[in-house]
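File shown: coords_27.cif (mmCIF, C-alpha atoms).
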data_query
#
loop_
_atom_site.group_PDB
_atom_site.id
_atom_site.type_symbol
_atom_site.label_atom_id
_atom_site.label_comp_id
_atom_site.auth_asym_id
_atom_site.auth_seq_id
_atom_site.Cartn_x
_atom_site.Cartn_y
_atom_site.Cartn_z
ATOM 1 C CA MET A 1 0.000 0.000 0.000
ATOM 2 C CA ASP A 2 2.207 2.808 -1.295
ATOM 3 C CA SER A 3 1.311 6.202 0.161
ATOM 4 C CA ARG A 4 0.729 9.082 -2.211
ATOM 5 C CA THR A 5 0.025 12.768 -1.750
ATOM 6 C CA ILE A 6 -3.308 13.885 -3.197
ATOM 7 C CA VAL A 7 -3.996 17.633 -3.527
ATOM 8 C CA LEU A 8 -7.611 18.804 -3.610
ATOM 9 C CA THR A 9 -9.643 21.983 -4.080
ATOM 10 C CA GLY A 10 -13.396 22.411 -3.841
ATOM 11 C CA VAL A 11 -14.059 19.605 -1.347
ATOM 12 C CA THR A 12 -15.363 21.514 1.660
ATOM 13 C CA ARG A 13 -19.017 21.145 0.641
ATOM 14 C CA GLY A 14 -21.331 19.645 -1.957
ATOM 15 C CA PHE A 15 -20.391 16.682 -4.117
ATOM 16 C CA GLY A 16 -16.685 17.481 -3.674
ATOM 17 C CA ARG A 17 -17.008 16.770 0.049
ATOM 18 C CA ASP A 18 -18.768 13.464 -0.635
ATOM 19 C CA ALA A 19 -16.089 12.547 -3.174
ATOM 20 C CA VAL A 20 -13.134 13.190 -0.872
ATOM 21 C CA GLU A 21 -14.717 11.209 1.972
ATOM 22 C CA LEU A 22 -15.087 8.238 -0.357
ATOM 23 C CA LEU A 23 -11.537 8.641 -1.655
ATOM 24 C CA ILE A 24 -10.135 8.630 1.871
ATOM 25 C CA ARG A 25 -12.152 5.576 2.852
ATOM 26 C CA GLU A 26 -10.988 3.645 -0.212
ATOM 27 C CA ARG A 27 -7.347 4.759 -0.024
ATOM 28 C CA PRO A 28 -6.672 5.600 3.637
ATOM 29 C CA GLN A 29 -2.933 5.094 3.123
ATOM 30 C CA ASP A 30 -2.674 8.309 1.101
ATOM 31 C CA HIS A 31 -2.089 11.812 2.469
ATOM 32 C CA TYR A 32 -4.744 14.324 1.444
ATOM 33 C CA VAL A 33 -3.796 18.002 1.219
ATOM 34 C CA VAL A 34 -6.917 20.151 1.025
ATOM 35 C CA LEU A 35 -6.844 23.828 0.054
ATOM 36 C CA ALA A 36 -9.652 25.679 1.839
ATOM 37 C CA ARG A 37 -10.445 29.264 2.758
ATOM 38 C CA ARG A 38 -11.362 28.868 6.400
ATOM 39 C CA ASP A 39 -11.786 26.509 9.350
ATOM 40 C CA GLY A 40 -8.926 24.312 8.200
ATOM 41 C CA ALA A 41 -8.367 22.631 11.548
ATOM 42 C CA ARG A 42 -12.039 21.779 11.910
ATOM 43 C CA LEU A 43 -12.248 20.422 8.365
ATOM 44 C CA ALA A 44 -9.188 18.217 8.888
ATOM 45 C CA ALA A 45 -10.642 16.902 12.144
ATOM 46 C CA GLU A 46 -14.027 16.193 10.527
ATOM 47 C CA LEU A 47 -12.511 14.323 7.581
ATOM 48 C CA THR A 48 -10.245 12.339 9.872
ATOM 49 C CA GLU A 49 -13.106 11.427 12.206
ATOM 50 C CA VAL A 50 -15.593 10.560 9.482
ATOM 51 C CA THR A 51 -13.159 8.436 7.470
ATOM 52 C CA GLY A 52 -10.715 7.179 10.095
ATOM 53 C CA ALA A 53 -7.872 8.527 7.993
ATOM 54 C CA SER A 54 -5.203 8.665 10.698
ATOM 55 C CA GLY A 55 -3.043 5.812 11.897
ATOM 56 C CA ILE A 56 -2.919 3.795 8.656
ATOM 57 C CA THR A 57 0.701 4.621 7.836
ATOM 58 C CA ASP A 58 3.139 7.237 9.054
ATOM 59 C CA ALA A 59 2.512 9.211 5.850
ATOM 60 C CA SER A 60 -1.291 9.003 5.765
ATOM 61 C CA GLY A 61 -3.697 11.637 7.031
ATOM 62 C CA VAL A 62 -5.327 14.929 6.133
ATOM 63 C CA THR A 63 -3.688 18.346 6.006
ATOM 64 C CA VAL A 64 -5.712 21.478 5.309
ATOM 65 C CA LEU A 65 -3.882 24.552 4.010
ATOM 66 C CA ASP A 66 -5.556 27.931 4.415
ATOM 67 C CA CYS A 67 -5.872 29.199 0.852
ATOM 68 C CA ASP A 68 -8.272 31.570 -0.865
ATOM 69 C CA LEU A 69 -8.229 30.694 -4.564
ATOM 70 C CA ALA A 70 -9.123 34.310 -5.313
ATOM 71 C CA SER A 71 -5.569 35.230 -4.242
ATOM 72 C CA LEU A 72 -2.728 34.064 -6.475
ATOM 73 C CA ALA A 73 -0.260 34.797 -3.696
ATOM 74 C CA GLU A 74 -2.099 32.394 -1.393
ATOM 75 C CA VAL A 75 -2.222 29.731 -4.114
ATOM 76 C CA GLY A 76 1.514 30.168 -4.639
ATOM 77 C CA ARG A 77 2.190 29.885 -0.906
ATOM 78 C CA ALA A 78 0.095 26.717 -0.670
ATOM 79 C CA ALA A 79 1.963 25.179 -3.605
ATOM 80 C CA ALA A 80 5.305 26.124 -2.030
ATOM 81 C CA GLU A 81 4.269 24.477 1.243
ATOM 82 C CA ILE A 82 3.331 21.286 -0.584
ATOM 83 C CA LEU A 83 6.667 21.305 -2.407
ATOM 84 C CA ARG A 84 8.515 21.736 0.907
ATOM 85 C CA GLY A 85 6.666 18.742 2.313
ATOM 86 C CA LEU A 86 7.613 16.668 -0.730
ATOM 87 C CA ASP A 87 11.245 17.805 -0.521
ATOM 88 C CA THR A 88 11.611 17.032 3.183
ATOM 89 C CA GLY A 89 9.783 13.726 3.002
ATOM 90 C CA SER A 90 7.018 14.798 5.353
ATOM 91 C CA LEU A 91 4.661 14.180 2.440
ATOM 92 C CA PRO A 92 4.794 11.037 0.281
ATOM 93 C CA PRO A 93 5.307 11.348 -3.495
ATOM 94 C CA LEU A 94 2.764 13.426 -5.384
ATOM 95 C CA GLY A 95 0.273 11.158 -7.097
ATOM 96 C CA GLY A 96 -2.898 13.128 -7.746
ATOM 97 C CA CYS A 97 -4.680 16.469 -7.894
ATOM 98 C CA LEU A 98 -8.401 17.197 -8.012
ATOM 99 C CA GLY A 99 -9.211 20.765 -9.073
ATOM 100 C CA ASN A 100 -12.905 20.813 -8.220
ATOM 101 C CA ALA A 101 -13.315 24.375 -6.934
ATOM 102 C CA GLY A 102 -15.446 26.654 -9.043
ATOM 103 C CA LEU A 103 -17.924 29.440 -8.642
ATOM 104 C CA THR A 104 -20.544 31.351 -10.537
ATOM 105 C CA LEU A 105 -21.581 34.913 -9.760
ATOM 106 C CA THR A 106 -24.378 37.264 -10.764
ATOM 107 C CA THR A 107 -22.163 40.018 -12.193
ATOM 108 C CA THR A 108 -18.885 40.226 -14.109
ATOM 109 C CA ASP A 109 -17.491 43.248 -12.293
ATOM 110 C CA GLN A 110 -16.247 41.490 -9.146
ATOM 111 C CA ARG A 111 -12.479 41.261 -8.691
ATOM 112 C CA THR A 112 -10.056 38.826 -7.166
ATOM 113 C CA THR A 113 -7.345 40.081 -4.824
ATOM 114 C CA ASP A 114 -5.157 40.442 -7.911
ATOM 115 C CA GLY A 115 -7.730 42.548 -9.767
ATOM 116 C CA TYR A 116 -8.955 39.872 -12.176
ATOM 117 C CA GLU A 117 -12.569 39.011 -12.977
ATOM 118 C CA THR A 118 -13.451 36.604 -10.207
ATOM 119 C CA THR A 119 -14.987 33.724 -12.185
ATOM 120 C CA PHE A 120 -12.029 33.477 -14.569
ATOM 121 C CA GLY A 121 -9.539 34.132 -11.782
ATOM 122 C CA VAL A 122 -10.790 31.333 -9.523
ATOM 123 C CA ASN A 123 -11.966 28.766 -12.067
ATOM 124 C CA VAL A 124 -9.019 29.058 -14.459
ATOM 125 C CA LEU A 125 -6.041 31.070 -13.202
ATOM 126 C CA SER A 126 -5.851 29.608 -9.697
ATOM 127 C CA HIS A 127 -5.849 26.028 -10.973
ATOM 128 C CA TYR A 128 -3.377 26.872 -13.701
ATOM 129 C CA LEU A 129 -0.973 28.233 -11.079
ATOM 130 C CA LEU A 130 -1.442 25.353 -8.641
ATOM 131 C CA VAL A 131 -0.875 22.642 -11.250
ATOM 132 C CA ARG A 132 1.972 24.508 -12.955
ATOM 133 C CA GLU A 133 3.871 24.819 -9.685
ATOM 134 C CA LEU A 134 3.370 21.152 -8.851
ATOM 135 C CA LEU A 135 3.910 19.899 -12.406
ATOM 136 C CA PRO A 136 7.557 18.761 -12.057
ATOM 137 C CA ARG A 137 6.771 16.676 -8.974
ATOM 138 C CA PHE A 138 3.990 14.389 -10.234
ATOM 139 C CA THR A 139 5.127 10.767 -10.310
ATOM 140 C CA ALA A 140 3.658 7.795 -12.119
ATOM 141 C CA PRO A 141 1.146 6.403 -11.798
ATOM 142 C CA GLY A 142 -0.478 9.784 -11.310
ATOM 143 C CA TRP A 143 -3.571 11.728 -12.263
ATOM 144 C CA ILE A 144 -5.013 15.229 -12.488
ATOM 145 C CA VAL A 145 -8.763 15.827 -12.740
ATOM 146 C CA LEU A 146 -10.116 19.325 -13.408
ATOM 147 C CA THR A 147 -13.861 19.855 -13.075
ATOM 148 C CA SER A 148 -15.506 21.351 -16.129
ATOM 149 C CA SER A 149 -19.185 21.467 -17.128
ATOM 150 C CA ASP A 150 -21.368 20.539 -20.069
ATOM 151 C CA CYS A 151 -22.496 24.171 -20.199
ATOM 152 C CA HIS A 152 -19.317 24.724 -22.247
ATOM 153 C CA PHE A 153 -21.254 23.267 -25.214
ATOM 154 C CA GLY A 154 -23.504 26.325 -25.173
ATOM 155 C CA GLN A 155 -26.444 24.245 -26.403
ATOM 156 C CA PHE A 156 -30.010 24.231 -25.126
ATOM 157 C CA ARG A 157 -30.065 20.454 -24.661
ATOM 158 C CA TYR A 158 -27.324 20.794 -22.037
ATOM 159 C CA THR A 159 -28.408 23.989 -20.284
ATOM 160 C CA LEU A 160 -32.151 24.342 -21.077
ATOM 161 C CA GLY A 161 -31.346 28.009 -21.569
ATOM 162 C CA ALA A 162 -30.227 28.538 -17.974
ATOM 163 C CA THR A 163 -26.688 29.547 -19.001
ATOM 164 C CA ALA A 164 -25.608 31.652 -21.954
ATOM 165 C CA ALA A 165 -23.205 30.073 -24.424
ATOM 166 C CA PRO A 166 -19.483 30.628 -23.873
ATOM 167 C CA ARG A 167 -17.757 33.387 -25.791
ATOM 168 C CA TRP A 168 -14.022 32.867 -26.019
ATOM 169 C CA GLU A 169 -11.868 35.970 -26.240
ATOM 170 C CA THR A 170 -8.267 36.719 -25.371
ATOM 171 C CA PRO A 171 -7.304 35.563 -21.858
ATOM 172 C CA GLU A 172 -6.470 39.156 -20.976
ATOM 173 C CA HIS A 173 -10.013 40.259 -21.847
ATOM 174 C CA LEU A 174 -11.587 37.319 -20.012
ATOM 175 C CA ALA A 175 -9.547 38.217 -16.929
ATOM 176 C CA THR A 176 -10.699 41.851 -17.023
ATOM 177 C CA PRO A 177 -13.656 42.851 -14.792
ATOM 178 C CA ARG A 178 -16.413 44.418 -16.864
ATOM 179 C CA ALA A 179 -20.020 45.532 -16.669
ATOM 180 C CA GLY A 180 -22.489 42.693 -16.934
ATOM 181 C CA GLY A 181 -25.427 41.227 -15.079
ATOM 182 C CA ALA A 182 -26.618 37.689 -14.455
ATOM 183 C CA ARG A 183 -26.689 36.578 -18.102
ATOM 184 C CA GLU A 184 -23.125 37.734 -18.765
ATOM 185 C CA ALA A 185 -22.035 36.213 -15.463
ATOM 186 C CA GLY A 186 -23.473 32.891 -16.618
ATOM 187 C CA ARG A 187 -21.622 33.293 -19.893
ATOM 188 C CA ALA A 188 -18.398 33.969 -17.958
ATOM 189 C CA TYR A 189 -18.940 30.710 -16.065
ATOM 190 C CA ALA A 190 -19.505 28.692 -19.246
ATOM 191 C CA THR A 191 -16.459 30.324 -20.829
ATOM 192 C CA SER A 192 -14.311 29.524 -17.804
ATOM 193 C CA LYS A 193 -15.314 25.861 -18.096
ATOM 194 C CA LEU A 194 -14.296 25.911 -21.758
ATOM 195 C CA GLY A 195 -11.006 27.345 -20.500
ATOM 196 C CA VAL A 196 -10.624 24.399 -18.097
ATOM 197 C CA ILE A 197 -10.788 22.026 -21.081
ATOM 198 C CA TYR A 198 -8.188 24.108 -22.916
ATOM 199 C CA LEU A 199 -5.929 23.860 -19.854
ATOM 200 C CA THR A 200 -6.488 20.105 -19.762
ATOM 201 C CA HIS A 201 -5.363 19.732 -23.374
ATOM 202 C CA ALA A 202 -2.331 21.959 -22.817
ATOM 203 C CA LEU A 203 -1.379 19.988 -19.698
ATOM 204 C CA ALA A 204 -1.668 16.661 -21.524
ATOM 205 C CA ARG A 205 1.189 17.801 -23.775
ATOM 206 C CA ARG A 206 3.372 18.665 -20.780
ATOM 207 C CA LEU A 207 2.915 15.870 -18.247
ATOM 208 C CA PRO A 208 5.469 13.090 -17.825
ATOM 209 C CA ASP A 209 4.705 9.556 -18.978
ATOM 210 C CA GLY A 210 2.405 7.725 -16.605
ATOM 211 C CA VAL A 211 0.601 10.876 -15.420
ATOM 212 C CA GLY A 212 -2.725 11.662 -17.082
ATOM 213 C CA VAL A 213 -5.034 14.661 -16.957
ATOM 214 C CA HIS A 214 -8.762 14.707 -17.619
ATOM 215 C CA SER A 215 -11.522 17.284 -17.518
ATOM 216 C CA TYR A 216 -14.607 16.027 -15.723
ATOM 217 C CA ASN A 217 -18.266 16.925 -16.170
ATOM 218 C CA PRO A 218 -20.392 16.139 -13.074
ATOM 219 C CA ALA A 219 -23.580 17.240 -14.915
ATOM 220 C CA LEU A 220 -26.421 18.868 -12.998
ATOM 221 C CA VAL A 221 -26.055 18.443 -9.242
ATOM 222 C CA ALA A 222 -28.915 19.620 -7.029
ATOM 223 C CA GLY A 223 -28.486 20.833 -3.465
ATOM 224 C CA THR A 224 -24.821 21.869 -3.568
ATOM 225 C CA ASP A 225 -25.240 25.503 -2.442
ATOM 226 C CA PHE A 226 -23.588 26.354 -5.752
ATOM 227 C CA PHE A 227 -25.639 29.540 -6.107
ATOM 228 C CA ARG A 228 -24.828 30.879 -2.644
ATOM 229 C CA HIS A 229 -23.562 34.163 -4.144
ATOM 230 C CA ALA A 230 -26.911 34.906 -5.823
ATOM 231 C CA PRO A 231 -29.657 37.026 -4.202
ATOM 232 C CA GLY A 232 -32.188 34.995 -2.243
ATOM 233 C CA PRO A 233 -35.053 34.966 -4.808
ATOM 234 C CA VAL A 234 -32.687 34.145 -7.688
ATOM 235 C CA ARG A 235 -30.996 31.437 -5.634
ATOM 236 C CA GLY A 236 -34.365 29.852 -4.879
ATOM 237 C CA VAL A 237 -35.363 29.754 -8.556
ATOM 238 C CA LEU A 238 -32.036 28.251 -9.641
ATOM 239 C CA ASP A 239 -32.001 25.660 -6.876
ATOM 240 C CA GLY A 240 -35.548 24.700 -7.801
ATOM 241 C CA PHE A 241 -34.536 24.381 -11.445
ATOM 242 C CA PHE A 242 -31.711 22.009 -10.542
ATOM 243 C CA ARG A 243 -33.941 19.885 -8.329
ATOM 244 C CA LEU A 244 -36.489 19.628 -11.134
ATOM 245 C CA GLN A 245 -33.786 18.307 -13.460
ATOM 246 C CA ARG A 246 -32.973 15.591 -10.933
ATOM 247 C CA VAL A 247 -36.624 14.556 -10.797
ATOM 248 C CA LEU A 248 -36.643 14.422 -14.598
ATOM 249 C CA GLY A 249 -33.589 12.173 -14.579
ATOM 250 C CA ARG A 250 -31.144 14.808 -15.823
ATOM 251 C CA GLY A 251 -29.312 15.429 -12.545
ATOM 252 C CA MET A 252 -27.949 13.832 -9.401
ATOM 253 C CA THR A 253 -27.775 14.463 -5.678
ATOM 254 C CA PRO A 254 -24.425 15.561 -4.238
ATOM 255 C CA ARG A 255 -23.898 12.065 -2.821
ATOM 256 C CA GLN A 256 -24.540 10.442 -6.193
ATOM 257 C CA ALA A 257 -22.302 12.903 -7.993
ATOM 258 C CA GLY A 258 -19.556 12.556 -5.381
ATOM 259 C CA ALA A 259 -19.664 8.770 -5.669
ATOM 260 C CA ARG A 260 -19.378 8.962 -9.466
ATOM 261 C CA LEU A 261 -16.408 11.342 -9.256
ATOM 262 C CA ALA A 262 -14.630 9.213 -6.655
ATOM 263 C CA GLU A 263 -15.258 6.060 -8.673
ATOM 264 C CA THR A 264 -13.808 7.719 -11.768
ATOM 265 C CA ILE A 265 -10.616 8.648 -9.918
ATOM 266 C CA LEU A 266 -10.235 5.328 -8.129
ATOM 267 C CA THR A 267 -10.625 3.246 -11.273
ATOM 268 C CA ALA A 268 -7.811 5.177 -13.017
ATOM 269 C CA PRO A 269 -9.469 6.323 -16.257
ATOM 270 C CA SER A 270 -8.375 4.295 -19.269
ATOM 271 C CA ALA A 271 -9.243 7.185 -21.577
ATOM 272 C CA PRO A 272 -6.298 8.953 -23.182
ATOM 273 C CA SER A 273 -4.789 11.838 -21.267
ATOM 274 C CA GLY A 274 -6.594 15.052 -22.146
ATOM 275 C CA SER A 275 -9.995 13.371 -22.505
ATOM 276 C CA TYR A 276 -13.317 14.821 -21.391
ATOM 277 C CA LEU A 277 -15.118 12.526 -18.962
ATOM 278 C CA ASP A 278 -18.873 12.970 -18.715
ATOM 279 C CA ARG A 279 -19.655 11.398 -15.324
ATOM 280 C CA GLY A 280 -16.804 8.995 -15.965
ATOM 281 C CA ARG A 281 -17.538 8.233 -19.630
ATOM 282 C CA ASP A 282 -15.012 9.268 -22.258
ATOM 283 C CA VAL A 283 -16.993 11.404 -24.719
ATOM 284 C CA PRO A 284 -16.067 14.242 -27.085
ATOM 285 C CA SER A 285 -16.286 17.728 -25.657
ATOM 286 C CA SER A 286 -17.601 20.517 -27.855
ATOM 287 C CA PRO A 287 -16.024 21.051 -31.293
ATOM 288 C CA GLU A 288 -14.919 24.505 -30.101
ATOM 289 C CA SER A 289 -12.928 22.925 -27.253
ATOM 290 C CA TYR A 290 -10.390 21.387 -29.652
ATOM 291 C CA ASP A 291 -8.252 24.350 -30.645
ATOM 292 C CA GLU A 292 -4.544 23.969 -30.016
ATOM 293 C CA ALA A 293 -3.827 27.613 -30.815
ATOM 294 C CA ARG A 294 -6.250 28.760 -28.100
ATOM 295 C CA GLU A 295 -4.921 26.146 -25.689
ATOM 296 C CA GLU A 296 -1.333 27.281 -26.072
ATOM 297 C CA GLU A 297 -2.331 30.944 -25.943
ATOM 298 C CA LEU A 298 -4.186 30.326 -22.678
ATOM 299 C CA TRP A 299 -1.227 28.446 -21.199
ATOM 300 C CA ARG A 300 1.170 31.218 -22.198
ATOM 301 C CA GLU A 301 -1.059 34.149 -21.235
ATOM 302 C CA ALA A 302 -2.188 32.552 -17.964
ATOM 303 C CA GLY A 303 1.471 32.441 -16.988
ATOM 304 C CA ARG A 304 1.862 36.125 -17.772
ATOM 305 C CA LEU A 305 -1.343 37.088 -15.934
ATOM 306 C CA VAL A 306 -0.392 35.010 -12.899
ATOM 307 C CA GLU A 307 3.039 36.598 -12.584
ATOM 308 C CA ALA A 308 1.633 40.095 -13.111
ATOM 309 C CA GLY A 309 -1.095 39.476 -10.541
ATOM 310 C CA ARG A 310 1.331 38.151 -7.938
ATOM 311 C CA ARG A 311 3.641 41.136 -8.411
ATOM 312 C CA ALA A 312 0.719 43.563 -8.116
ATOM 313 C CA GLU A 313 -0.604 41.866 -4.987
ATOM 314 C CA GLY A 314 2.850 41.907 -3.426
ATOM 315 C CA ALA A 315 3.204 45.593 -4.196
ATOM 316 C CA ASP A 316 -0.170 46.313 -2.592
ATOM 317 C CA ILE A 317 0.844 44.387 0.518
ATOM 318 C CA LEU A 318 4.118 46.270 0.781
ATOM 319 C CA ALA A 319 2.336 49.585 0.368
ATOM 320 C CA GLU A 320 -0.031 48.988 3.271
#
Encoding of this model in structure tokens:
Amino acid sequence: MDSRTIVLTGVTRGFGRDAVELLIRERPQDHYVVLARRDGARLAAELTEVTGASGITDASGVTVLDCDLASLAEVGRAAAEILRGLDTGSLPPLGGCLGNAGLTLTTTDQRTTDGYETTFGVNVLSHYLLVRELLPRFTAPGWIVLTSSDCHFGQFRYTLGATAAPRWETPEHLATPRAGGAREAGRAYATSKLGVIYLTHALARRLPDGVGVHSYNPALVAGTDFFRHAPGPVRGVLDGFFRLQRVLGRGMTPRQAGARLAETILTAPSAPSGSYLDRGRDVPSSPESYDEAREEELWREAGRLVEAGRRAEGADILAE
């Protein structure tokens, strides 16, 4: 039972929480490093108690790092702490990363700490930075799963009109806060999920042999508190819409979705690296999502935006 380090985002609530509990139960010998914004000690204690994660091996357990994904500096610090643990041997070799965190807002004018549009900053730039920093340390057999969404298709049969179709533009424009209400915010979310697939394809060309990366579509999941940033009446309508889809057979509960995600990871997808997994099935993503020029532009420009954002945030901190 070789111990591995598994890095996770977006597992404090919803189907991500159900997925990580199942992962820990099935592979208690691994060490799980969770990036979370608050209550890290409590979260670690809860996961350890619920799953019995401690005491399997000297390397097993749960570590929670305080990290707001809306701050590139905090993401960089978390990655540096993981690398220190790998270098000193306090963490076992790096074997996996689940980038499940994501958010949707009701406007496109909100900013991350670094000044970037929040949806693009959290859903795309933070995961780009985390994986890029850890990239040299992944060892085979290893995996990376980045959560996307079928809303990236931009088709009614996937969204029933609830989300506007993605509109890809330059990464610099997508990262720029701008005027826009709920419809444009939904479009920003769909576009960010298209960006996740572009990152997946770019990563597949950069990972060492024996380490695969996949984008994952959980489909409609009801009851996840996903719309917590929306005003109360809007949140109620959207939650009701999602629950209706589950009744109609188009969605799942958080527990069902978490079990499907955990099963996908635990069975080591046989699909080629870079594939799009729809609830575990290898299917084509949208025709628009296969564009190597866009993929390489996003990889290159994300690097530039990340470094510029970290420098700006550091300057702001020094000026205080």
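Near region 109-121 of chain A, within 8 Å and counting only C-alpha atoms, sit Ala70, Ser71, Leu72, Gly102, Leu103, Thr104, Leu105, Leu125, Ser126, Leu174, Ala175, Thr176, Pro177, Arg178, Ala179, Gly180, Ala188, Tyr189, Ser192, Gly309, Arg310, Ala312 and Glu313 of chain A, not including residues fewer than 4 positions from it in the same chain.
Within a radius of 9 Å around (-24.1, 34.4, -18.5), the polymer residues are A:Thr106, A:Thr107, A:Thr108, A:Ala162, A:Thr163, A:Ala164, A:Ala165, A:Pro166, A:Gly180, A:Gly181, A:Ala182, A:Arg183, A:Glu184, A:Ala185, A:Gly186, A:Arg187, A:Ala188, A:Tyr189, A:Ala190, A:Thr191, counting only C-alpha atoms.
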| task | Would you kindly return, as number ranges by chain, each protein, DNA or RNA residue with an atom no farther than 6 Å from any atom of region 275-287 of chain A, considering only C-alpha atoms and excluding same-chain residues fewer than 3 positions away? | result | A: 153, 214-218, 264, 272, 290
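The nearest approach to Glu169 (chain A) among the residues A:Arg294, A:Arg206, A:Arg132, A:Arg25, with only C-alpha atoms taken into account, belongs to A:Arg294.
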| note | Computed gap from CA of Val122 (chain A) to CA of Arg42 (chain A) is 23.5 Å
| request: Just give me the gap between CA of Thr63 (chain A) and CA of Val124 (chain A) in Å, one decimal is fine. | output: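 CA of Thr63 (chain A) sits 23.7 Å away from CA of Val124 (chain A).
Minimum distance to Trp168 (chain A) across A:Asn100, A:Glu297, A:Leu203, A:Tyr32 (counting all atoms listed in the file) occurs at A:Glu297.
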For region 291-302 of chain A, supply N, CA and C atoms and format the output as a CSV table (one decimal), in the frame of the given file.
chain,number,residue,atom,x,y,z
A,291,ASP,N,-8.9,23.2,-29.9
A,291,ASP,CA,-8.3,24.4,-30.6
A,291,ASP,C,-6.9,24.5,-30.0
A,292,GLU,N,-5.9,23.9,-30.6
A,292,GLU,CA,-4.5,24.0,-30.0
A,292,GLU,C,-4.0,25.4,-29.9
A,293,ALA,N,-4.3,26.2,-30.9
A,293,ALA,CA,-3.8,27.6,-30.8
A,293,ALA,C,-4.4,28.3,-29.6
A,294,ARG,N,-5.7,28.2,-29.3
A,294,ARG,CA,-6.2,28.8,-28.1
A,294,ARG,C,-5.7,28.1,-26.8
A,295,GLU,N,-5.5,26.8,-26.9
A,295,GLU,CA,-4.9,26.1,-25.7
A,295,GLU,C,-3.5,26.7,-25.3
A,296,GLU,N,-2.7,26.8,-26.3
A,296,GLU,CA,-1.3,27.3,-26.1
A,296,GLU,C,-1.3,28.8,-25.7
A,297,GLU,N,-2.2,29.5,-26.3
A,297,GLU,CA,-2.3,30.9,-25.9
A,297,GLU,C,-2.8,31.1,-24.5
A,298,LEU,N,-3.7,30.3,-24.1
A,298,LEU,CA,-4.2,30.3,-22.7
A,298,LEU,C,-3.1,29.9,-21.7
A,299,TRP,N,-2.3,28.9,-22.1
A,299,TRP,CA,-1.2,28.4,-21.2
A,299,TRP,C,-0.2,29.6,-21.1
A,300,ARG,N,0.2,30.2,-22.2
A,300,ARG,CA,1.2,31.2,-22.2
A,300,ARG,C,0.7,32.5,-21.5
A,301,GLU,N,-0.5,32.9,-21.8
A,301,GLU,CA,-1.1,34.1,-21.2
A,301,GLU,C,-1.4,34.0,-19.8
A,302,ALA,N,-1.9,32.8,-19.4
A,302,ALA,CA,-2.2,32.6,-18.0
A,302,ALA,C,-0.9,32.7,-17.2
